[in-house]
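Listing of model-v9.txt, compact mmCIF, C-alpha atoms
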# COMPACT_ATOMS: atom_id res chain seq x y z
CA MET A 1 -0.59 30.55 -4.04
CA LYS A 2 -4.18 31.64 -3.83
CA GLU A 3 -5.08 33.89 -0.91
CA PHE A 4 -7.40 32.27 1.60
CA SER A 5 -9.42 33.97 4.28
CA GLU A 6 -8.32 33.44 7.86
CA ILE A 7 -11.18 31.06 8.55
CA GLN A 8 -10.50 29.09 5.34
CA LEU A 9 -6.82 28.78 6.17
CA LYS A 10 -7.62 27.48 9.65
CA ALA A 11 -10.08 24.92 8.27
CA LEU A 12 -7.63 23.94 5.55
CA LYS A 13 -4.83 23.31 8.03
CA ASP A 14 -7.18 21.30 10.18
CA LEU A 15 -8.14 19.15 7.18
CA ILE A 16 -4.53 18.51 6.17
CA LEU A 17 -3.50 17.70 9.74
CA ARG A 18 -6.35 15.19 10.06
CA MET A 19 -5.31 13.52 6.83
CA ALA A 20 -1.59 13.50 7.66
CA ASP A 21 -2.14 12.11 11.16
CA ASP A 22 -4.39 9.34 9.81
CA GLN A 23 -1.68 8.33 7.34
CA LEU A 24 1.11 8.45 9.90
CA ILE A 25 -0.69 6.43 12.53
CA LEU A 26 -2.16 3.85 10.16
CA GLY A 27 1.19 3.57 8.36
CA HIS A 28 2.84 2.88 11.70
CA ARG A 29 0.16 0.39 12.70
CA ASN A 30 0.32 -1.52 9.42
CA SER A 31 4.11 -1.67 9.62
CA GLU A 32 3.65 -3.79 12.75
CA TRP A 33 2.82 -6.67 10.38
CA THR A 34 6.34 -6.61 8.95
CA ALA A 35 7.84 -10.08 9.48
CA LEU A 36 4.53 -11.35 10.88
CA GLY A 37 2.38 -11.33 7.73
CA PRO A 38 0.35 -14.40 6.78
CA ILE A 39 2.56 -15.27 3.80
CA LEU A 40 5.89 -13.91 2.64
CA GLU A 41 4.58 -12.23 -0.51
CA GLU A 42 1.74 -10.50 1.33
CA ASP A 43 4.07 -9.45 4.13
CA ILE A 44 6.18 -7.57 1.58
CA ALA A 45 3.16 -6.02 -0.14
CA PHE A 46 1.54 -4.86 3.10
CA SER A 47 4.79 -3.49 4.49
CA SER A 48 5.44 -1.63 1.28
CA MET A 49 2.01 0.00 1.42
CA ALA A 50 2.61 0.94 5.05
CA GLN A 51 5.72 2.78 3.88
CA ASP A 52 3.67 4.48 1.17
CA LYS A 53 1.39 5.79 3.91
CA LEU A 54 4.32 7.32 5.77
CA GLY A 55 5.27 8.94 2.46
CA HIS A 56 1.78 10.38 2.12
CA SER A 57 1.91 11.76 5.65
CA LEU A 58 5.30 13.37 4.95
CA ALA A 59 3.97 15.05 1.80
CA LEU A 60 0.99 16.40 3.74
CA TYR A 61 3.11 17.63 6.68
CA GLN A 62 5.26 19.42 4.08
CA VAL A 63 2.19 21.25 2.79
CA LEU A 64 1.42 22.27 6.38
CA ASN A 65 4.99 23.44 6.77
CA LYS A 66 4.55 25.68 3.71
CA LEU A 67 1.40 27.06 5.31
CA GLY A 68 3.40 28.15 8.33
CA GLU A 69 3.40 25.10 10.63
CA ALA A 70 6.46 23.36 12.06
CA GLU A 71 8.82 20.98 10.22
CA PRO A 72 7.41 17.51 9.35
CA ASP A 73 9.59 15.68 11.92
CA THR A 74 8.60 18.13 14.63
CA LEU A 75 4.94 17.61 13.82
CA ALA A 76 5.25 13.85 13.69
CA PHE A 77 7.46 13.25 16.73
CA THR A 78 6.98 16.01 19.28
CA ARG A 79 3.27 16.65 19.59
CA GLU A 80 1.28 15.42 22.54
CA GLU A 81 -1.52 12.93 22.15
CA LYS A 82 -4.24 15.56 22.43
CA ASP A 83 -2.74 17.51 19.53
CA PHE A 84 -3.12 14.60 17.14
CA LYS A 85 -6.19 14.74 14.93
CA CYS A 86 -6.31 11.17 13.68
CA CYS A 87 -9.59 9.23 13.74
CA HIS A 88 -10.21 6.28 16.06
CA LEU A 89 -10.17 3.70 13.27
CA VAL A 90 -6.42 4.07 12.68
CA GLU A 91 -5.52 3.85 16.37
CA TYR A 92 -6.75 0.33 17.09
CA PRO A 93 -4.18 -2.46 17.44
CA ILE A 94 -3.60 -4.64 14.40
CA GLY A 95 -5.80 -7.47 15.69
CA ASP A 96 -5.90 -10.50 13.41
CA TYR A 97 -5.19 -10.21 9.70
CA ALA A 98 -8.89 -10.08 8.87
CA PHE A 99 -9.24 -6.92 10.97
CA SER A 100 -6.16 -5.26 9.50
CA LEU A 101 -7.19 -6.14 5.96
CA MET A 102 -10.72 -4.83 6.52
CA ARG A 103 -9.40 -1.59 8.02
CA HIS A 104 -7.05 -1.24 5.05
CA PHE A 105 -9.99 -1.76 2.67
CA LEU A 106 -12.28 0.73 4.42
CA PHE A 107 -9.64 3.38 4.99
CA ASP A 108 -7.86 3.26 1.63
CA ASN A 109 -11.09 3.45 -0.33
CA SER A 110 -11.99 6.59 1.60
CA GLU A 111 -8.51 7.97 0.98
CA ALA A 112 -8.71 7.27 -2.74
CA ILE A 113 -12.03 9.15 -3.02
CA ARG A 114 -10.76 11.98 -0.83
CA PHE A 115 -7.71 12.43 -3.07
CA GLU A 116 -9.89 12.31 -6.20
CA MET A 117 -11.93 15.16 -4.73
CA LEU A 118 -8.85 17.11 -3.73
CA ALA A 119 -7.27 16.82 -7.18
CA ASP A 120 -9.45 19.79 -8.15
CA SER A 121 -8.91 21.73 -4.94
CA LEU A 122 -8.10 25.41 -5.09
CA CYS A 123 -5.33 24.70 -2.61
CA GLU A 124 -2.78 23.90 -5.29
CA ASP A 125 -0.22 22.24 -3.04
CA LEU A 126 -2.84 19.87 -1.70
CA ALA A 127 -4.16 19.17 -5.22
CA ASN A 128 -0.61 18.31 -6.31
CA VAL A 129 -0.18 15.85 -3.46
CA ALA A 130 -3.54 14.29 -4.35
CA LYS A 131 -2.53 13.88 -7.98
CA LYS A 132 0.95 12.61 -7.19
CA PHE A 133 -0.27 9.59 -5.25
CA ARG A 134 -3.11 8.61 -7.57
CA GLY A 135 -1.23 5.59 -8.94
CA GLU A 136 -0.20 4.35 -5.50
CA LEU A 137 -3.76 4.55 -4.26
CA LYS A 138 -5.02 2.75 -7.32
CA TYR A 139 -2.80 -0.17 -6.33
CA HIS A 140 -3.75 0.06 -2.64
CA THR A 141 -7.47 -0.14 -3.35
CA MET A 142 -6.96 -2.86 -5.96
CA HIS A 143 -5.00 -4.84 -3.37
CA ALA A 144 -7.66 -4.31 -0.71
CA ASP A 145 -10.65 -4.99 -2.99
CA THR A 146 -9.11 -8.16 -4.43
CA TRP A 147 -8.34 -9.60 -0.98
CA ILE A 148 -11.82 -8.77 0.33
CA ILE A 149 -13.49 -10.47 -2.63
CA GLN A 150 -11.09 -13.41 -2.43
CA LEU A 151 -11.63 -14.08 1.27
CA GLY A 152 -15.30 -13.09 1.31
CA SER A 153 -16.02 -15.74 -1.29
CA GLY A 154 -13.54 -18.29 0.07
CA THR A 155 -14.05 -21.00 2.68
CA GLU A 156 -16.63 -20.97 5.48
CA GLU A 157 -13.92 -19.88 7.89
CA SER A 158 -12.65 -17.03 5.73
CA LYS A 159 -16.19 -15.79 5.09
CA ALA A 160 -17.05 -15.82 8.79
CA ARG A 161 -13.83 -14.05 9.76
CA MET A 162 -14.25 -11.34 7.13
CA GLN A 163 -17.88 -10.74 8.10
CA SER A 164 -16.93 -10.45 11.74
CA ALA A 165 -14.08 -8.06 10.88
CA LEU A 166 -16.50 -5.96 8.84
CA ASN A 167 -19.00 -5.84 11.71
CA ASP A 168 -16.25 -4.62 14.07
CA CYS A 169 -14.61 -2.23 11.65
CA LEU A 170 -17.47 -0.45 9.97
CA PRO A 171 -18.69 1.59 12.99
CA LEU A 172 -15.06 2.55 13.66
CA ALA A 173 -14.56 3.49 10.02
CA LEU A 174 -17.32 6.09 10.31
CA SER A 175 -14.91 7.99 12.54
CA ILE A 176 -12.98 8.88 9.37
CA PHE A 177 -15.82 11.21 8.43
CA GLU A 178 -16.15 13.13 11.68
CA PRO A 179 -16.69 16.67 10.42
CA GLY A 180 -13.82 19.09 10.83
CA GLU A 181 -13.99 22.66 12.04
CA ASN A 182 -15.54 25.21 9.68
CA GLU A 183 -16.02 22.73 6.87
CA ASP A 184 -18.46 25.10 5.16
CA ALA A 185 -15.61 27.50 4.56
CA LEU A 186 -13.76 24.77 2.68
CA ASN A 187 -16.76 23.85 0.60
CA THR A 188 -17.69 27.39 -0.40
CA GLY A 189 -14.03 28.11 -1.12
CA ASN A 190 -13.78 25.10 -3.50
CA ILE A 191 -11.07 23.61 -1.34
CA PHE A 192 -12.83 20.42 -0.19
CA PRO A 193 -16.49 19.40 -0.60
CA GLY A 194 -16.80 18.03 2.96
CA GLU A 195 -16.83 14.79 4.93
CA LYS A 196 -20.55 14.11 4.43
CA ILE A 197 -20.25 14.02 0.63
CA LEU A 198 -17.14 11.88 0.95
CA GLN A 199 -18.88 9.41 3.27
CA ASP A 200 -21.86 9.03 0.91
CA GLU A 201 -19.58 8.32 -2.05
CA TRP A 202 -17.51 5.92 0.06
CA LEU A 203 -20.57 3.95 1.15
CA LYS A 204 -21.55 3.50 -2.50
CA ARG A 205 -18.11 2.34 -3.48
CA ILE A 206 -17.48 -0.14 -0.69
CA LYS A 207 -20.99 -1.58 -1.16
CA ILE A 208 -20.07 -2.65 -4.71
CA ILE A 209 -17.05 -4.61 -3.45
CA LEU A 210 -18.83 -6.03 -0.38
CA ASP A 211 -21.62 -7.29 -2.64
CA LYS A 212 -19.09 -9.01 -4.87
CA ALA A 213 -17.50 -10.50 -1.77
CA LYS A 214 -20.97 -11.62 -0.61
CA LEU A 215 -20.45 -9.87 2.72
CA VAL A 216 -23.39 -8.24 4.43
CA MET A 217 -23.09 -4.53 5.11
CA PRO A 218 -24.05 -3.89 8.75
CA ASP A 219 -26.61 -1.18 9.42
CA ILE A 220 -24.49 1.90 10.00
CA TYR A 221 -27.24 3.74 11.84
CA THR A 222 -27.58 1.33 14.75
CA SER A 223 -24.49 2.54 16.58
CA ASP A 224 -23.03 5.97 17.15
CA PRO A 225 -19.92 6.64 15.11
CA SER A 226 -16.73 6.66 17.14
CA TYR A 227 -16.19 10.43 16.99
CA GLY A 228 -13.71 12.48 19.03
CA GLY A 229 -10.38 11.87 17.32
CA ARG A 230 -10.65 14.97 15.16
CA LYS A 231 -10.95 17.04 18.34
CA GLY A 232 -8.04 15.38 20.12
CA TYR A 233 -9.98 12.81 22.17
CA HIS A 234 -8.43 9.45 21.46
CA THR A 235 -8.76 5.78 22.28
CA GLU A 236 -6.50 4.21 24.88
CA TYR A 237 -4.40 2.75 22.05
CA LEU A 238 -2.91 5.95 20.66
CA LYS A 239 -0.66 6.90 23.57
CA PRO A 240 1.34 3.63 23.65
CA LEU A 241 1.73 3.83 19.88
CA LEU A 242 3.10 7.38 20.09
CA ASP A 243 5.50 6.38 22.87
CA GLU A 244 6.85 3.57 20.76
CA MET A 245 7.00 5.61 17.56
CA THR A 246 8.86 8.50 19.17
CA GLU A 247 11.22 6.41 21.28
CA VAL A 248 14.35 7.00 19.17
CA TYR A 249 13.54 10.65 18.55
CA SER A 250 13.01 11.25 22.26
CA ILE A 251 16.40 9.75 23.14
CA ASP A 252 18.28 11.67 20.45
CA PRO A 253 16.46 14.12 18.18
CA GLU A 254 19.62 14.51 16.09
CA ALA A 255 20.03 10.79 15.42
CA GLU A 256 20.13 9.82 11.75
CA TRP A 257 18.10 6.70 10.96
CA MET B 1 8.24 -19.75 26.06
CA SER B 2 7.60 -17.05 23.51
CA ILE B 3 10.17 -15.04 21.58
CA LYS B 4 11.58 -12.02 23.42
CA SER B 5 12.82 -9.49 20.89
CA LEU B 6 14.34 -6.01 21.02
CA ASP B 7 11.47 -5.17 18.72
CA PRO B 8 8.42 -4.77 21.00
CA ARG B 9 6.09 -5.61 18.14
CA ILE B 10 7.52 -9.11 17.97
CA THR B 11 7.53 -9.67 21.74
CA ARG B 12 3.88 -8.77 22.18
CA GLU B 13 2.76 -11.25 19.52
CA HIS B 14 3.77 -14.11 21.88
CA ILE B 15 5.28 -16.19 19.10
CA PRO B 16 6.42 -19.60 20.39
CA GLU B 17 10.16 -20.14 20.39
CA GLN B 18 9.70 -23.55 18.85
CA PRO B 19 7.63 -22.92 15.76
CA ASP B 20 5.19 -25.47 14.45
CA THR B 21 7.12 -26.99 11.58
CA ASN B 22 4.41 -29.34 10.36
CA PRO B 23 3.81 -28.53 6.71
CA LEU B 24 0.41 -27.15 5.81
CA LYS B 25 -1.89 -29.83 4.53
CA GLU B 26 -4.27 -27.80 2.45
CA ILE B 27 -1.80 -25.98 0.27
CA HIS B 28 -3.34 -27.30 -2.93
CA GLN B 29 -5.15 -24.09 -3.75
CA TRP B 30 -1.89 -22.14 -3.85
CA GLN B 31 0.37 -22.52 -6.82
CA THR B 32 3.50 -20.85 -8.01
CA TYR B 33 3.43 -18.19 -10.68
CA GLU B 34 6.32 -16.90 -12.75
CA VAL B 35 6.70 -13.15 -13.04
CA PHE B 36 7.91 -11.24 -16.10
CA HIS B 37 8.81 -7.59 -15.92
CA GLN B 38 8.92 -5.01 -18.70
CA ALA B 39 10.99 -1.91 -18.04
CA LYS B 40 9.98 0.05 -21.13
CA LYS B 41 7.20 -0.22 -23.69
CA GLY B 42 8.46 -2.35 -26.57
CA ASP B 43 11.16 -4.09 -24.51
CA HIS B 44 11.09 -7.82 -23.96
CA HIS B 45 9.45 -8.98 -20.76
CA ILE B 46 12.18 -10.41 -18.58
CA HIS B 47 11.71 -13.20 -16.06
CA VAL B 48 12.36 -11.85 -12.57
CA GLY B 49 11.21 -14.61 -10.24
CA SER B 50 8.29 -16.58 -8.92
CA LEU B 51 5.77 -16.40 -6.08
CA HIS B 52 2.84 -18.18 -4.45
CA ALA B 53 -0.74 -17.19 -5.20
CA PRO B 54 -4.16 -18.81 -5.51
CA ASN B 55 -5.08 -17.21 -8.86
CA PRO B 56 -3.69 -14.82 -11.50
CA GLU B 57 -5.31 -11.71 -9.97
CA MET B 58 -3.72 -12.36 -6.60
CA ALA B 59 -0.45 -13.28 -8.30
CA PHE B 60 -0.40 -9.87 -9.96
CA LEU B 61 -1.15 -8.08 -6.65
CA LEU B 62 1.73 -9.78 -4.92
CA ALA B 63 4.10 -9.55 -7.90
CA LYS B 64 3.66 -5.80 -8.13
CA GLU B 65 5.21 -5.14 -4.72
CA GLN B 66 7.60 -8.07 -4.90
CA PHE B 67 9.22 -7.34 -8.23
CA ALA B 68 8.18 -3.89 -9.41
CA ARG B 69 8.52 -1.62 -6.42
CA ARG B 70 12.10 -0.46 -6.83
CA TYR B 71 12.74 -0.26 -10.57
CA LYS B 72 10.84 1.29 -13.39
CA CYS B 73 8.17 -1.01 -14.72
CA VAL B 74 5.46 -0.41 -17.30
CA ASN B 75 3.95 -3.87 -17.55
CA LEU B 76 3.91 -7.20 -15.69
CA TRP B 77 3.07 -10.70 -16.84
CA VAL B 78 2.24 -13.50 -14.46
CA VAL B 79 2.08 -17.07 -15.73
CA LYS B 80 1.20 -20.21 -13.84
CA THR B 81 4.45 -22.17 -13.49
CA ALA B 82 2.62 -25.36 -14.42
CA ASP B 83 1.61 -23.79 -17.76
CA ILE B 84 5.20 -23.35 -18.86
CA PHE B 85 6.52 -26.18 -21.01
CA SER B 86 10.08 -26.78 -20.04
CA THR B 87 12.83 -29.00 -21.40
CA ASP B 88 14.43 -31.61 -19.25
CA TYR B 89 18.02 -31.14 -18.06
CA ALA B 90 18.56 -34.75 -19.13
CA ASP B 91 18.19 -33.47 -22.68
CA GLU B 92 20.80 -30.78 -22.25
CA ASP B 93 22.94 -32.54 -24.86
CA MET B 94 20.54 -31.27 -27.54
CA PHE B 95 22.18 -27.89 -27.20
CA GLU B 96 25.75 -29.09 -26.98
CA THR B 97 27.18 -28.38 -30.42
CA ASN B 98 25.69 -24.90 -30.65
CA SER B 99 28.89 -23.12 -29.76
CA GLU B 100 30.74 -24.83 -32.60
CA LYS B 101 28.35 -23.66 -35.28
CA ILE B 102 29.83 -20.24 -35.83
CA TYR B 103 29.00 -20.57 -39.53
CA ARG B 104 25.42 -19.87 -38.42
CA GLU B 105 26.37 -16.49 -37.07
CA ALA B 106 26.85 -13.41 -39.21
CA GLY B 107 30.32 -12.98 -37.75
CA GLY B 108 31.15 -16.46 -38.94
CA TYR B 109 31.05 -15.47 -42.59
CA LYS B 110 34.38 -14.39 -44.02
CA VAL B 111 33.22 -11.01 -45.19
CA MET B 112 35.43 -8.74 -43.11
CA ASP B 113 38.35 -9.39 -45.49
CA LYS B 114 36.29 -8.22 -48.43
CA ILE B 115 35.03 -5.18 -46.56
CA ASN B 116 38.51 -4.16 -45.50
CA LYS B 117 39.82 -4.69 -49.01
CA TYR B 118 37.06 -2.49 -50.40
CA LYS B 119 37.76 0.18 -47.80
CA SER B 120 41.48 0.32 -48.56
CA GLU B 121 40.88 0.46 -52.31
CA HIS B 122 38.53 3.39 -51.95
CA LYS B 123 40.50 5.24 -49.30
CA GLU B 124 41.80 7.95 -51.66
CA ASN B 125 38.35 8.89 -52.90
Represent the supplied structure as structure tokens.
Amino acid sequence: MKEFSEIQLKALKDLILRMADDQLILGHRNSEWTALGPILEEDIAFSSMAQDKLGHSLALYQVLNKLGEAEPDTLAFTREEKDFKCCHLVEYPIGDYAFSLMRHFLFDNSEAIRFEMLADSLCEDLANVAKKFRGELKYHTMHADTWIIQLGSGTEESKARMQSALNDCLPLALSIFEPGENEDALNTGNIFPGEKILQDEWLKRIKIILDKAKLVMPDIYTSDPSYGGRKGYHTEYLKPLLDEMTEVYSIDPEAEW
Amino acid sequence: MSIKSLDPRITREHIPEQPDTNPLKEIHQWQTYEVFHQAKKGDHHIHVGSLHAPNPEMAFLLAKEQFARRYKCVNLWVVKTADIFSTDYADEDMFETNSEKIYREAGGYKVMDKINKYKSEHKEN
């Protein structure tokens, strides 16, 4: 493994933790649709992608473990709320299906681009994770894009609900790109180009789909992005989620399930 | 009254205990699609089931997770059920004598005797 400077290693760990926590929390959130999805076939598809997300988070926690952090289960189930680095977007309750679908669309497109960028990262373990899940993410974004276009160009009701979900979700989605600590060190070290570049690319890509769906992109500069998550300041929704997610582990850490 | 479940996710959705069982009226835009799965390039596509979808693109999206998430798959076909021409079970008798026509099968020809005879004649060589 390539030798990183102390400051690079710190920034790298911060980046991986942010990514892993996003995946874990959104995976958990999306799994709440299991058995409640709008139609049977979609219920299965959405649940399956939620499981994929947990798989992504595990792979990322394993990279952290190799870099000297605790075991994946310890990281996932024993940290306090303030030690989580997920963004606000993933913390919100599932809402109606329009909201969950829009969040899935906005988040997974950002994830797909992030992993494309990381495929060339000098952090080999991270690059390998990014390459490994390329196919899964291709399906996730295809699923999201197709639904958005389908409902955006559907009935009056579906159009109105998708537009309203987009208006609610987009400012929250900007929280994905809250800059991490010492990002410059990652950029100059060819580890990760940075959240700003990612956000610009993401805006271009979602615009193409939103245009096809005939949805109107809200002005992203009218509201402040919902920052704070990357520094451990969370919405009121994260704590109850963590309590629920860690319930079994807290009762019996040795339990097999 | 809403459903109280051990699963908190279900309880907080406040799902009525008596579900609305009236069938949806506007279901016309959803059709069934048949799904065919190919495990290896060059293999036949095999029918694995059907699902509901409004168009072929959506049918593919849903078929992928439904029928291709556990086993190896290299290719999927989805076909509108209505586009498949199917025989009627009332005409099942068309197929009835098939099992008697062993003369149509290679094994039905009496060649094994000749082969065995040839083999025994040439054994010493």
Could you list the residues in chain A lying within 7 Å of chain B, using only C-alpha atoms, and format the result as a short mmCIF file (atom, residue, chain, number, x, y, z; two decimals) with C-alpha atoms, in the coordinates of the input?
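Wrote result.cif, looks like this:
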data_model
loop_
_atom_site.label_atom_id
_atom_site.label_comp_id
_atom_site.auth_asym_id
_atom_site.auth_seq_id
_atom_site.Cartn_x
_atom_site.Cartn_y
_atom_site.Cartn_z
CA GLU A 32 3.65 -3.79 12.75
CA GLU A 41 4.58 -12.23 -0.51
CA GLU A 42 1.74 -10.50 1.33
CA ILE A 44 6.18 -7.57 1.58
CA ALA A 45 3.16 -6.02 -0.14
CA SER A 48 5.44 -1.63 1.28
CA HIS A 143 -5.00 -4.84 -3.37
#
Which is closer to Leu76 of chain B than all the others in B:Met94, B:Val111, B:Met1, B:Val48, using only C-alpha atoms? B:Val48
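A search radius of 12 Å centred on (-21.5, 3.7, 15.4), applied to only C-alpha atoms, returns the residues His88, Leu89, Asn167, Asp168, Cys169, Leu170, Pro171, Leu172, Ala173, Leu174, Ser175, Ile176, Phe177, Glu178, Pro218, Asp219, Ile220, Tyr221, Thr222, Ser223, Asp224, Pro225, Ser226 and Tyr227 of chain A.
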I'd like to know which of A:Leu64, A:Ile197, A:Ala165, A:Ile25 is closest to Ala11 of chain A, using all atoms listed in the file.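 Of A:Leu64, A:Ile197, A:Ala165, A:Ile25, the one nearest Ala11 of chain A is A:Leu64, counting all atoms listed in the file.
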Protein/DNA/RNA residues near (-11.3, -4.8, -2.8), cut 10 Å, only C-alpha atoms, as a PyMOL selection string: chain A and resi 101-102+104-106+108-109+140-150+205-206+208-210+212-213
If you count only C-alpha atoms, which residues fall within 10 Å of Ala82 of chain B, apart from same-chain ones fewer than 4 positions away, as a PDB file with C-alpha atoms, in the coordinates of the input?
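Below you can see around.pdb, which holds the result:
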ATOM      1  CA  GLN B  31       0.370 -22.520  -6.820  1.00  0.00           C
ATOM      2  CA  THR B  32       3.500 -20.850  -8.010  1.00  0.00           C
ATOM      3  CA  TYR B  33       3.430 -18.190 -10.680  1.00  0.00           C
ATOM      4  CA  GLU B  34       6.320 -16.900 -12.750  1.00  0.00           C
ATOM      5  CA  SER B  86      10.080 -26.780 -20.040  1.00  0.00           C
TER       6      SER B  86
END
Exercise: Lys13 of chain A partners within 8 Å, all atoms listed in the file, chain neighbours under 3 positions left out, as a ChimeraX atom specification: /A:9-10,16-17,64,67
